[in-house]
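This report refers to the structure that appears directly beneath it.
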Amino acid sequence: MLVTRGMRGTMFKVTGILLAGGQSSRMGTDKALLNVNGETVIERIVRLMSPSASNIIISANDDEKYAFLGKELVHDRYPGQGPLSGLHAGLNAAATPWSVVTACDMPFVTEEVFRFLARKAEEAAAVMDDKSRLQAIVPVSGGRIQPLLAAYHRSVLPSLETCLSSGRLRLTAWLEQLKVCYVSEEELIQELGHGADKAFYNMNEPSDYKRAMTGLS
């Protein structure tokens, strides 16, 4: 387990939250349990996230399906309301102020991405000025923001509650209410090397899975 030392010599920890509560309706089968290179996507993500997280939470609505992972499972408090609901459930259960979050359908996510997000969260935690204190760290890749592979502070929970209770479920609209650090593509490349955008590839349809099976060639 990677645990970094904070500015005052204390151990800085983040929780890992894996969002696995979707219906996978377009894929026709559970995306998290698809096999890529001899390993299910969710097993791979848990393995690569573990060095950067003091604990991993699976936000899902089916205990039996993911029990084999041996991780804490939490259920949506607002069922059927998409990734915001899963994020809400995970952050409510998190034991640390900051959490690194990922969707369950990213077959090429890397250990380096999780380490990078955890380090950015540590840097944000060291800021003492309330006006400058961040609530979210969201990468930009492929010209698009990537809110489902990002880091969030538990202070986002009130705004999540408001969005979910009122049915406002667009992730981008929710982010506009927060103090967000958007990590540029240039910084991602500098930190993670060329090809960093591959980590953000996600699978929604069978054709996406076929591409993943060929390594996106």
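The way I read the labels, and the way they are meant: chains A, B, ... in the order of the structure tokens, residue 1 as the first residue of every chain, and ligand 1 as the first ligand shown, with later ones counted on from there.
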query: Contacts of region 106-110 of chain A at 9 Å or less, counting only C-alpha atoms, minus same-chain residues fewer than 4 places along, as JSON, numbers by chain?
result: {"A": [32, 36, 40, 41, 42, 44, 45, 48, 49, 102, 114, 115, 149, 198, 199, 200, 201, 202, 203, 212, 215]}
- request: Using DSSP on the backbone, list every residue of region 59-93 of chain A that comes out as strand (DSSP E or B), and give them as a PyMOL selection string.
  value: chain A and resi 59+72-74
message: Need the shell around Lys179 (chain A): protein/DNA/RNA residues with any atom at most 8 Å away, counting only C-alpha atoms. Skip same-chain ones fewer than 4 positions apart. Format as a PyMOL selection string?
response: chain A and resi 133-136+175
All helix (DSSP H, G or I) residues (DSSP, backbone) inside region 99-165 of chain A, as number ranges by chain: A: 111-125, 154-165
Close residues, Ser141 (chain A) itself excluded, 7 Å, only C-alpha atoms, min 4 positions apart in chain, as number ranges by chain: A: 145-146, 185, 197
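CA of Met27 (chain A) sits 20.0 Å away from CA of Pro79 (chain A).
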